[in-house]
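See below for query.cif, which holds mmCIF, C-alpha atoms and all ligand atoms.
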data_structure
#
loop_
_atom_site.group_PDB
_atom_site.id
_atom_site.type_symbol
_atom_site.label_atom_id
_atom_site.label_comp_id
_atom_site.auth_asym_id
_atom_site.auth_seq_id
_atom_site.Cartn_x
_atom_site.Cartn_y
_atom_site.Cartn_z
ATOM 1 C CA MET A 1 0.000 0.000 0.000
ATOM 2 C CA ALA A 2 2.152 2.824 -1.207
ATOM 3 C CA ALA A 3 0.096 5.973 -1.174
ATOM 4 C CA VAL A 4 1.951 9.205 -1.748
ATOM 5 C CA THR A 5 1.412 11.666 1.089
ATOM 6 C CA THR A 6 0.499 15.030 -0.325
ATOM 7 C CA LEU A 7 -0.276 18.056 1.815
ATOM 8 C CA SER A 8 -1.236 21.358 0.275
ATOM 9 C CA PHE A 9 -0.629 24.764 1.812
ATOM 10 C CA ALA A 10 -1.967 28.230 1.221
ATOM 11 C CA GLN A 11 1.180 29.339 -0.577
ATOM 12 C CA ASP A 12 0.763 26.514 -3.087
ATOM 13 C CA ILE A 13 3.397 24.329 -1.532
ATOM 14 C CA THR A 14 2.848 20.648 -2.065
ATOM 15 C CA ILE A 15 4.812 18.203 0.041
ATOM 16 C CA THR A 16 5.326 14.938 -1.781
ATOM 17 C CA THR A 17 7.175 12.167 -0.007
ATOM 18 C CA ASP A 18 8.738 8.917 -1.138
ATOM 19 C CA PRO A 19 6.204 6.205 -0.169
ATOM 20 C CA ALA A 20 9.012 3.651 0.298
ATOM 21 C CA LEU A 21 10.190 5.493 3.419
ATOM 22 C CA ALA A 22 7.165 4.334 5.432
ATOM 23 C CA ALA A 23 8.522 0.771 5.378
ATOM 24 C CA LEU A 24 11.811 1.663 7.107
ATOM 25 C CA SER A 25 12.539 0.473 10.643
ATOM 26 C CA PRO A 26 13.189 3.179 13.280
ATOM 27 C CA GLU A 27 16.948 2.488 13.019
ATOM 28 C CA GLU A 28 16.799 2.856 9.241
ATOM 29 C CA MET A 29 14.814 6.086 9.623
ATOM 30 C CA VAL A 30 17.567 7.531 11.820
ATOM 31 C CA ALA A 31 20.248 6.546 9.293
ATOM 32 C CA LYS A 32 18.204 7.882 6.376
ATOM 33 C CA ARG A 33 17.415 11.255 7.961
ATOM 34 C CA GLN A 34 21.039 11.723 9.033
ATOM 35 C CA ALA A 35 22.200 10.924 5.477
ATOM 36 C CA ILE A 36 19.661 13.377 4.025
ATOM 37 C CA MET A 37 20.746 16.157 6.416
ATOM 38 C CA LYS A 38 24.406 15.641 5.515
ATOM 39 C CA GLU A 39 23.558 15.686 1.846
ATOM 40 C CA ASP A 40 21.508 18.880 2.291
ATOM 41 C CA GLY A 41 24.517 20.554 3.895
ATOM 42 C CA GLY A 42 26.612 19.684 0.834
ATOM 43 C CA ILE A 43 23.961 20.847 -1.618
ATOM 44 C CA LEU A 44 23.493 24.161 0.212
ATOM 45 C CA LYS A 45 27.233 24.753 0.307
ATOM 46 C CA GLY A 46 27.600 24.253 -3.434
ATOM 47 C CA ALA A 47 24.323 25.835 -4.547
ATOM 48 C CA GLY A 48 25.534 29.433 -4.535
ATOM 49 C CA ALA A 49 27.999 28.738 -7.332
ATOM 50 C CA LEU A 50 25.369 27.168 -9.591
ATOM 51 C CA SER A 51 23.076 28.657 -12.201
ATOM 52 C CA GLY A 52 20.682 27.507 -14.879
ATOM 53 C CA ALA A 53 19.732 23.835 -15.056
ATOM 54 C CA GLU A 54 22.246 22.862 -12.354
ATOM 55 C CA ALA A 55 20.701 25.319 -9.914
ATOM 56 C CA VAL A 56 17.234 23.969 -10.706
ATOM 57 C CA THR A 57 18.459 20.416 -10.092
ATOM 58 C CA ALA A 58 20.011 21.413 -6.748
ATOM 59 C CA ALA A 59 16.734 23.044 -5.690
ATOM 60 C CA ASP A 60 14.747 19.999 -6.770
ATOM 61 C CA HIS A 61 17.040 17.782 -4.716
ATOM 62 C CA LEU A 62 16.555 19.974 -1.636
ATOM 63 C CA ILE A 63 12.782 20.047 -2.131
ATOM 64 C CA ALA A 64 12.674 16.229 -2.286
ATOM 65 C CA ASN A 65 15.022 15.764 0.690
ATOM 66 C CA LEU A 66 13.282 18.305 2.937
ATOM 67 C CA SER A 67 9.880 16.902 2.009
ATOM 68 C CA ASN A 68 10.997 13.375 2.865
ATOM 69 C CA LEU A 69 12.143 14.563 6.291
ATOM 70 C CA THR A 70 8.465 15.174 7.169
ATOM 71 C CA VAL A 71 7.925 11.392 7.347
ATOM 72 C CA LEU A 72 11.312 10.411 8.782
ATOM 73 C CA PHE A 73 10.620 11.487 12.376
ATOM 74 C CA PRO A 74 7.698 9.313 13.497
ATOM 75 C CA GLU A 75 7.091 8.832 17.230
ATOM 76 C CA GLY A 76 9.319 6.110 18.623
ATOM 77 C CA SER A 77 12.166 6.819 16.205
ATOM 78 C CA ALA A 78 14.555 8.299 18.776
ATOM 79 C CA VAL A 79 16.613 5.108 18.754
ATOM 80 C CA GLY A 80 20.311 4.274 18.665
ATOM 81 C CA ASP A 81 22.852 6.958 17.883
ATOM 82 C CA THR A 82 20.431 9.809 17.319
ATOM 83 C CA GLY A 83 20.567 13.524 17.910
ATOM 84 C CA ALA A 84 16.768 13.782 17.866
ATOM 85 C CA LEU A 85 15.359 15.306 21.071
ATOM 86 C CA PRO A 86 12.002 14.263 22.645
ATOM 87 C CA VAL A 87 10.742 17.813 22.115
ATOM 88 C CA ILE A 88 10.251 16.859 18.436
ATOM 89 C CA TRP A 89 7.183 14.886 19.482
ATOM 90 C CA GLU A 90 6.067 17.286 22.236
ATOM 91 C CA LYS A 91 5.996 20.188 19.777
ATOM 92 C CA ASN A 92 5.524 18.251 16.580
ATOM 93 C CA ALA A 93 3.433 20.918 14.831
ATOM 94 C CA ASP A 94 6.278 23.416 15.347
ATOM 95 C CA PHE A 95 8.824 20.886 14.093
ATOM 96 C CA GLN A 96 6.821 20.090 10.962
ATOM 97 C CA ALA A 97 6.125 23.797 10.365
ATOM 98 C CA ILE A 98 9.871 24.461 10.071
ATOM 99 C CA LEU A 99 10.113 21.731 7.450
ATOM 100 C CA VAL A 100 7.236 23.311 5.522
ATOM 101 C CA THR A 101 9.083 26.645 5.675
ATOM 102 C CA ALA A 102 12.225 24.890 4.420
ATOM 103 C CA VAL A 103 10.376 23.298 1.488
ATOM 104 C CA THR A 104 8.801 26.686 0.726
ATOM 105 C CA ALA A 105 12.247 28.322 0.660
ATOM 106 C CA ALA A 106 13.669 25.536 -1.536
ATOM 107 C CA THR A 107 10.716 26.009 -3.893
ATOM 108 C CA ALA A 108 11.531 29.731 -4.054
ATOM 109 C CA MET A 109 15.090 28.693 -4.928
ATOM 110 C CA LYS A 110 13.770 26.643 -7.827
ATOM 111 C CA THR A 111 11.489 29.438 -9.055
ATOM 112 C CA ALA A 112 14.395 31.901 -8.964
ATOM 113 C CA ALA A 113 16.758 29.446 -10.654
ATOM 114 C CA THR A 114 14.215 28.778 -13.398
ATOM 115 C CA ALA A 115 13.742 32.517 -13.951
ATOM 116 C CA GLY A 116 17.494 33.158 -13.866
ATOM 117 C CA ASP A 117 17.031 35.640 -11.013
ATOM 118 C CA ALA A 118 20.396 35.466 -9.240
ATOM 119 C CA THR A 119 19.424 37.792 -6.383
ATOM 120 C CA ALA A 120 16.228 35.940 -5.525
ATOM 121 C CA TYR A 121 18.135 32.657 -5.840
ATOM 122 C CA ALA A 122 20.810 33.785 -3.362
ATOM 123 C CA ASP A 123 18.132 35.050 -0.958
ATOM 124 C CA ALA A 124 16.290 31.732 -1.147
ATOM 125 C CA ILE A 125 19.484 29.787 -0.402
ATOM 126 C CA LYS A 126 19.909 31.917 2.723
ATOM 127 C CA ALA A 127 16.282 31.279 3.678
ATOM 128 C CA VAL A 128 16.759 27.511 3.389
ATOM 129 C CA GLY A 129 19.959 27.753 5.441
ATOM 130 C CA ALA A 130 18.181 29.681 8.169
ATOM 131 C CA THR A 131 15.720 26.834 8.697
ATOM 132 C CA CYS A 132 18.568 24.379 9.427
ATOM 133 C CA GLY A 133 19.811 26.392 12.388
ATOM 134 C CA GLN A 134 16.320 27.318 13.528
ATOM 135 C CA CYS A 135 15.337 23.679 13.844
ATOM 136 C CA HIS A 136 18.633 22.438 15.308
ATOM 137 C CA GLN A 137 18.472 25.094 18.027
ATOM 138 C CA THR A 138 15.394 23.502 19.577
ATOM 139 C CA PHE A 139 15.088 19.999 18.232
ATOM 140 C CA ARG A 140 18.588 18.579 17.869
ATOM 141 C CA GLN A 141 20.939 17.520 20.631
ATOM 142 C CA LYS A 142 23.940 19.821 20.884
ATOM 143 C CA SER A 143 27.072 17.879 20.010
HETATM 144 C C1 LIG A 201 12.776 20.458 11.193
HETATM 145 C C2 LIG A 201 14.037 20.293 11.836
HETATM 146 C C3 LIG A 201 15.319 20.261 11.068
HETATM 147 C C4 LIG A 201 15.642 20.947 9.923
HETATM 148 C C5 LIG A 201 14.811 21.927 9.117
HETATM 149 C C6 LIG A 201 17.000 20.568 9.606
HETATM 150 N N1 LIG A 201 17.479 19.684 10.533
HETATM 151 FE FE1 LIG A 201 19.319 18.829 10.517
HETATM 152 N N2 LIG A 201 18.818 17.694 12.112
HETATM 153 C C7 LIG A 201 17.613 17.759 12.794
HETATM 154 C C8 LIG A 201 17.582 16.715 13.794
HETATM 155 C C9 LIG A 201 16.444 16.442 14.764
HETATM 156 C C10 LIG A 201 18.797 16.010 13.687
HETATM 157 C C11 LIG A 201 19.212 14.756 14.463
HETATM 158 C C12 LIG A 201 18.718 13.542 13.654
HETATM 159 C C13 LIG A 201 19.084 12.213 14.258
HETATM 160 O O1 LIG A 201 20.272 12.040 14.636
HETATM 161 O O2 LIG A 201 18.194 11.351 14.376
HETATM 162 C C14 LIG A 201 19.561 16.671 12.630
HETATM 163 C C15 LIG A 201 20.844 16.290 12.237
HETATM 164 C C16 LIG A 201 21.608 16.955 11.291
HETATM 165 C C17 LIG A 201 22.977 16.628 10.948
HETATM 166 C C18 LIG A 201 23.815 15.507 11.577
HETATM 167 C C19 LIG A 201 23.610 14.236 10.767
HETATM 168 C C20 LIG A 201 24.387 13.059 11.347
HETATM 169 O O3 LIG A 201 25.143 12.448 10.590
HETATM 170 O O4 LIG A 201 24.215 12.764 12.529
HETATM 171 C C21 LIG A 201 23.381 17.498 9.978
HETATM 172 C C22 LIG A 201 24.728 17.561 9.279
HETATM 173 C C23 LIG A 201 22.246 18.358 9.683
HETATM 174 N N3 LIG A 201 21.183 18.003 10.495
HETATM 175 C C24 LIG A 201 22.229 19.346 8.722
HETATM 176 C C25 LIG A 201 21.096 20.061 8.336
HETATM 177 C C26 LIG A 201 21.052 21.030 7.263
HETATM 178 C C27 LIG A 201 22.226 21.422 6.390
HETATM 179 C C28 LIG A 201 19.778 21.503 7.219
HETATM 180 C C29 LIG A 201 19.174 22.553 6.318
HETATM 181 C C30 LIG A 201 19.188 22.309 4.917
HETATM 182 C C31 LIG A 201 19.028 20.822 8.261
HETATM 183 N N4 LIG A 201 19.859 19.961 8.915
HETATM 184 C C32 LIG A 201 17.696 21.063 8.509
HETATM 185 C C33 LIG A 201 16.597 18.645 12.558
HETATM 186 C C34 LIG A 201 16.492 19.472 11.444
#
Mind turning this structure into structure tokens?
Ligand code: HEC
Amino acid sequence: MAAVTTLSFAQDITITTDPALAALSPEEMVAKRQAIMKEDGGILKGAGALSGAEAVTAADHLIANLSNLTVLFPEGSAVGDTGALPVIWEKNADFQAILVTAVTAATAMKTAATAGDATAYADAIKAVGATCGQCHQTFRQKS
């Protein structure tokens, strides 16, 4: 039963997740979300130097990764070597809202990249980056 989860928001943001992720064990979810976060860091770092089709591809990758994170923190998945704090499930609406903001910013990145608007693209990269720190501040164990 692989139904795609799609949530729509006022600003026309659609969150589409990979249905295969639902089948992962809690341990696999931890590994997958950590891998996605690392990858996002790399994409963000390199994105500023990109333009045209490459910039669009980078934005698409971020949109997919950040969307998938919305299903990679189910209750009971704070297992093993995880930096996920219990507050994720106490304030889950806040946690998910940051991910929606992140997907919105990554979508703005894509729109700007498609239009060739370098200023808007740079601003959107900053907006995505801001959501990383905003979430970690509250929801991730300090290392
Ligand atoms: C909605 C909250 C949230 C957002 C947004 C978010 N993170 Fe995270 N991040 C976390 C949590 C929680 C963990 C700990 C996950 C775990 O260990 O289970 C984490 C872990 C990480 C890690 C460590 C991964 C590892 O190998 O242990 C890195 C790197 C990271 N995030 C980078 C980023 C970057 C870059 C962004 C922005 C593009 C980002 N994160 C956005 C919540 C978030």
Within 9 Å of ligand LIG 201 (chain A), which residues of chain A show up? Give each one with its shortest atom-to-atom distance in Å (one decimal) and the two atoms involved, counting only C-alpha atoms and all ligand atoms, rows by chain then rising residue number, as a Markdown table.
| residue | atom | partner | partner_atom | distance |
| --- | --- | --- | --- | --- |
| A:Met29 | CA | A:LIG201 | O2 | 7.9 |
| A:Val30 | CA | A:LIG201 | O2 | 4.6 |
| A:Ala31 | CA | A:LIG201 | O2 | 7.3 |
| A:Lys32 | CA | A:LIG201 | O2 | 8.7 |
| A:Arg33 | CA | A:LIG201 | C12 | 6.3 |
| A:Gln34 | CA | A:LIG201 | C19 | 4.0 |
| A:Ala35 | CA | A:LIG201 | O3 | 6.1 |
| A:Ile36 | CA | A:LIG201 | C19 | 7.9 |
| A:Met37 | CA | A:LIG201 | C24 | 4.2 |
| A:Lys38 | CA | A:LIG201 | C22 | 4.2 |
| A:Glu39 | CA | A:LIG201 | C27 | 7.4 |
| A:Asp40 | CA | A:LIG201 | C27 | 4.9 |
| A:Gly41 | CA | A:LIG201 | C27 | 3.5 |
| A:Gly42 | CA | A:LIG201 | C27 | 7.3 |
| A:Ile43 | CA | A:LIG201 | C27 | 8.2 |
| A:Leu44 | CA | A:LIG201 | C30 | 6.6 |
| A:Lys45 | CA | A:LIG201 | C27 | 8.6 |
| A:Leu62 | CA | A:LIG201 | C30 | 7.4 |
| A:Asn65 | CA | A:LIG201 | C30 | 8.8 |
| A:Leu66 | CA | A:LIG201 | C5 | 7.3 |
| A:Leu69 | CA | A:LIG201 | C1 | 7.7 |
| A:Thr70 | CA | A:LIG201 | C1 | 7.9 |
| A:Leu72 | CA | A:LIG201 | O2 | 8.9 |
| A:Phe73 | CA | A:LIG201 | O2 | 7.8 |
| A:Ser77 | CA | A:LIG201 | O2 | 7.8 |
| A:Ala78 | CA | A:LIG201 | O2 | 6.5 |
| A:Val79 | CA | A:LIG201 | O2 | 7.8 |
| A:Gly80 | CA | A:LIG201 | O2 | 8.5 |
| A:Asp81 | CA | A:LIG201 | O1 | 6.6 |
| A:Thr82 | CA | A:LIG201 | O1 | 3.5 |
| A:Gly83 | CA | A:LIG201 | O1 | 3.6 |
| A:Ala84 | CA | A:LIG201 | C9 | 4.1 |
| A:Leu85 | CA | A:LIG201 | C9 | 6.5 |
| A:Ile88 | CA | A:LIG201 | C9 | 7.2 |
| A:Asp94 | CA | A:LIG201 | C1 | 8.3 |
| A:Phe95 | CA | A:LIG201 | C1 | 4.9 |
| A:Gln96 | CA | A:LIG201 | C1 | 6.0 |
| A:Ala97 | CA | A:LIG201 | C1 | 7.5 |
| A:Ile98 | CA | A:LIG201 | C1 | 5.1 |
| A:Leu99 | CA | A:LIG201 | C1 | 4.8 |
| A:Val100 | CA | A:LIG201 | C1 | 8.4 |
| A:Thr101 | CA | A:LIG201 | C5 | 8.2 |
| A:Ala102 | CA | A:LIG201 | C5 | 6.1 |
| A:Val103 | CA | A:LIG201 | C5 | 8.9 |
| A:Val128 | CA | A:LIG201 | C30 | 5.9 |
| A:Gly129 | CA | A:LIG201 | C29 | 5.3 |
| A:Ala130 | CA | A:LIG201 | C29 | 7.4 |
| A:Thr131 | CA | A:LIG201 | C5 | 5.0 |
| A:Cys132 | CA | A:LIG201 | C32 | 3.5 |
| A:Gly133 | CA | A:LIG201 | C32 | 6.9 |
| A:Gln134 | CA | A:LIG201 | C5 | 7.1 |
| A:Cys135 | CA | A:LIG201 | C2 | 4.1 |
| A:His136 | CA | A:LIG201 | C33 | 5.1 |
| A:Gln137 | CA | A:LIG201 | C33 | 8.7 |
| A:Thr138 | CA | A:LIG201 | C2 | 8.5 |
| A:Phe139 | CA | A:LIG201 | C9 | 5.1 |
| A:Arg140 | CA | A:LIG201 | C9 | 4.3 |
| A:Gln141 | CA | A:LIG201 | C11 | 7.0 |
Take the residues from that selection and write them out as a PDB file, in the coordinates of the input, keeping C-alpha atoms.
ATOM      1  CA  MET A  29      14.814   6.086   9.623  1.00  0.00           C
ATOM      2  CA  VAL A  30      17.567   7.531  11.820  1.00  0.00           C
ATOM      3  CA  ALA A  31      20.248   6.546   9.293  1.00  0.00           C
ATOM      4  CA  LYS A  32      18.204   7.882   6.376  1.00  0.00           C
ATOM      5  CA  ARG A  33      17.415  11.255   7.961  1.00  0.00           C
ATOM      6  CA  GLN A  34      21.039  11.723   9.033  1.00  0.00           C
ATOM      7  CA  ALA A  35      22.200  10.924   5.477  1.00  0.00           C
ATOM      8  CA  ILE A  36      19.661  13.377   4.025  1.00  0.00           C
ATOM      9  CA  MET A  37      20.746  16.157   6.416  1.00  0.00           C
ATOM     10  CA  LYS A  38      24.406  15.641   5.515  1.00  0.00           C
ATOM     11  CA  GLU A  39      23.558  15.686   1.846  1.00  0.00           C
ATOM     12  CA  ASP A  40      21.508  18.880   2.291  1.00  0.00           C
ATOM     13  CA  GLY A  41      24.517  20.554   3.895  1.00  0.00           C
ATOM     14  CA  GLY A  42      26.612  19.684   0.834  1.00  0.00           C
ATOM     15  CA  ILE A  43      23.961  20.847  -1.618  1.00  0.00           C
ATOM     16  CA  LEU A  44      23.493  24.161   0.212  1.00  0.00           C
ATOM     17  CA  LYS A  45      27.233  24.753   0.307  1.00  0.00           C
ATOM     18  CA  LEU A  62      16.555  19.974  -1.636  1.00  0.00           C
ATOM     19  CA  ASN A  65      15.022  15.764   0.690  1.00  0.00           C
ATOM     20  CA  LEU A  66      13.282  18.305   2.937  1.00  0.00           C
ATOM     21  CA  LEU A  69      12.143  14.563   6.291  1.00  0.00           C
ATOM     22  CA  THR A  70       8.465  15.174   7.169  1.00  0.00           C
ATOM     23  CA  LEU A  72      11.312  10.411   8.782  1.00  0.00           C
ATOM     24  CA  PHE A  73      10.620  11.487  12.376  1.00  0.00           C
ATOM     25  CA  SER A  77      12.166   6.819  16.205  1.00  0.00           C
ATOM     26  CA  ALA A  78      14.555   8.299  18.776  1.00  0.00           C
ATOM     27  CA  VAL A  79      16.613   5.108  18.754  1.00  0.00           C
ATOM     28  CA  GLY A  80      20.311   4.274  18.665  1.00  0.00           C
ATOM     29  CA  ASP A  81      22.852   6.958  17.883  1.00  0.00           C
ATOM     30  CA  THR A  82      20.431   9.809  17.319  1.00  0.00           C
ATOM     31  CA  GLY A  83      20.567  13.524  17.910  1.00  0.00           C
ATOM     32  CA  ALA A  84      16.768  13.782  17.866  1.00  0.00           C
ATOM     33  CA  LEU A  85      15.359  15.306  21.071  1.00  0.00           C
ATOM     34  CA  ILE A  88      10.251  16.859  18.436  1.00  0.00           C
ATOM     35  CA  ASP A  94       6.278  23.416  15.347  1.00  0.00           C
ATOM     36  CA  PHE A  95       8.824  20.886  14.093  1.00  0.00           C
ATOM     37  CA  GLN A  96       6.821  20.090  10.962  1.00  0.00           C
ATOM     38  CA  ALA A  97       6.125  23.797  10.365  1.00  0.00           C
ATOM     39  CA  ILE A  98       9.871  24.461  10.071  1.00  0.00           C
ATOM     40  CA  LEU A  99      10.113  21.731   7.450  1.00  0.00           C
ATOM     41  CA  VAL A 100       7.236  23.311   5.522  1.00  0.00           C
ATOM     42  CA  THR A 101       9.083  26.645   5.675  1.00  0.00           C
ATOM     43  CA  ALA A 102      12.225  24.890   4.420  1.00  0.00           C
ATOM     44  CA  VAL A 103      10.376  23.298   1.488  1.00  0.00           C
ATOM     45  CA  VAL A 128      16.759  27.511   3.389  1.00  0.00           C
ATOM     46  CA  GLY A 129      19.959  27.753   5.441  1.00  0.00           C
ATOM     47  CA  ALA A 130      18.181  29.681   8.169  1.00  0.00           C
ATOM     48  CA  THR A 131      15.720  26.834   8.697  1.00  0.00           C
ATOM     49  CA  CYS A 132      18.568  24.379   9.427  1.00  0.00           C
ATOM     50  CA  GLY A 133      19.811  26.392  12.388  1.00  0.00           C
ATOM     51  CA  GLN A 134      16.320  27.318  13.528  1.00  0.00           C
ATOM     52  CA  CYS A 135      15.337  23.679  13.844  1.00  0.00           C
ATOM     53  CA  HIS A 136      18.633  22.438  15.308  1.00  0.00           C
ATOM     54  CA  GLN A 137      18.472  25.094  18.027  1.00  0.00           C
ATOM     55  CA  THR A 138      15.394  23.502  19.577  1.00  0.00           C
ATOM     56  CA  PHE A 139      15.088  19.999  18.232  1.00  0.00           C
ATOM     57  CA  ARG A 140      18.588  18.579  17.869  1.00  0.00           C
ATOM     58  CA  GLN A 141      20.939  17.520  20.631  1.00  0.00           C
TER      59      GLN A 141
END
- Query: Nearest to Asp60 in chain A: which of A:Thr111, A:Asn92, A:Pro74, A:Pro86 is it, counting all atoms listed in the file?
  - Reply: A:Thr111
I'd like the neighbourhood of Asp117 in chain A as a compact mmCIF listing (two decimals) with C-alpha atoms, keeping the file's coordinate frame, where a residue qualifies if any of its atoms comes within 12 Å (using only C-alpha atoms), though same-chain residues fewer than 3 positions away should be ignored.
# COMPACT_ATOMS: atom_id res chain seq x y z
CA LEU A 50 25.37 27.17 -9.59
CA SER A 51 23.08 28.66 -12.20
CA GLY A 52 20.68 27.51 -14.88
CA ALA A 55 20.70 25.32 -9.91
CA VAL A 56 17.23 23.97 -10.71
CA ALA A 108 11.53 29.73 -4.05
CA MET A 109 15.09 28.69 -4.93
CA LYS A 110 13.77 26.64 -7.83
CA THR A 111 11.49 29.44 -9.06
CA ALA A 112 14.40 31.90 -8.96
CA ALA A 113 16.76 29.45 -10.65
CA THR A 114 14.22 28.78 -13.40
CA ALA A 120 16.23 35.94 -5.52
CA TYR A 121 18.14 32.66 -5.84
CA ALA A 122 20.81 33.78 -3.36
CA ASP A 123 18.13 35.05 -0.96
CA ALA A 124 16.29 31.73 -1.15
- Can you work out which one of A:Gly48, A:Ala59, A:Asn68, A:Ser143 has the shortest atom-to-atom distance to Ile15 in chain A, counting only C-alpha atoms? A:Asn68
- Query: How many Å separate CA of Ala23 in chain A from CA of Lys91 in chain A?
  - Reply: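 Going from CA of Ala23 in chain A over to CA of Lys91 in chain A covers 24.3 Å.
Taking CA of Thr17 in chain A and CA of Thr104 in chain A as the two end points, the separation is 14.6 Å.
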- Quick one: of A:Ala64, A:Ala115, A:Ala93, A:Ala47, who's nearest to Thr14 in chain A, counting all atoms listed in the file?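 Closest to Thr14 in chain A of all the choices is A:Ala64.
Pairwise distance (CA of Gly46 in chain A, CA of Glu28 in chain A) equals 27.1 Å.
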Please output range 70-84 of chain A, rebuilt to include N, CA and C atoms, as a CSV table (one decimal), keeping the file's coordinate frame.
chain,number,residue,atom,x,y,z
A,70,THR,N,9.7,15.1,6.4
A,70,THR,CA,8.5,15.2,7.2
A,70,THR,C,7.9,13.8,7.6
A,71,VAL,N,8.4,12.7,7.0
A,71,VAL,CA,7.9,11.4,7.3
A,71,VAL,C,9.0,10.6,8.0
A,72,LEU,N,10.2,11.2,8.2
A,72,LEU,CA,11.3,10.4,8.8
A,72,LEU,C,11.5,10.6,10.3
A,73,PHE,N,10.6,11.3,10.9
A,73,PHE,CA,10.6,11.5,12.4
A,73,PHE,C,9.3,11.0,13.0
A,74,PRO,N,8.9,9.8,12.8
A,74,PRO,CA,7.7,9.3,13.5
A,74,PRO,C,8.0,9.1,15.0
A,75,GLU,N,6.9,9.1,15.8
A,75,GLU,CA,7.1,8.8,17.2
A,75,GLU,C,7.8,7.5,17.4
A,76,GLY,N,8.6,7.4,18.4
A,76,GLY,CA,9.3,6.1,18.6
A,76,GLY,C,10.6,5.9,17.8
A,77,SER,N,11.0,7.0,17.0
A,77,SER,CA,12.2,6.8,16.2
A,77,SER,C,13.4,7.5,16.8
A,78,ALA,N,13.4,7.8,18.1
A,78,ALA,CA,14.6,8.3,18.8
A,78,ALA,C,15.4,7.1,19.3
A,79,VAL,N,15.9,6.3,18.4
A,79,VAL,CA,16.6,5.1,18.8
A,79,VAL,C,18.1,5.2,18.3
A,80,GLY,N,18.9,4.4,19.0
A,80,GLY,CA,20.3,4.3,18.7
A,80,GLY,C,21.1,5.6,18.8
A,81,ASP,N,22.0,5.8,17.8
A,81,ASP,CA,22.9,7.0,17.9
A,81,ASP,C,22.2,8.1,17.2
A,82,THR,N,21.2,8.7,17.9
A,82,THR,CA,20.4,9.8,17.3
A,82,THR,C,20.6,11.1,18.0
A,83,GLY,N,20.5,12.2,17.3
A,83,GLY,CA,20.6,13.5,17.9
A,83,GLY,C,19.2,14.1,18.1
A,84,ALA,N,18.2,13.3,17.8
A,84,ALA,CA,16.8,13.8,17.9
A,84,ALA,C,16.3,13.9,19.3
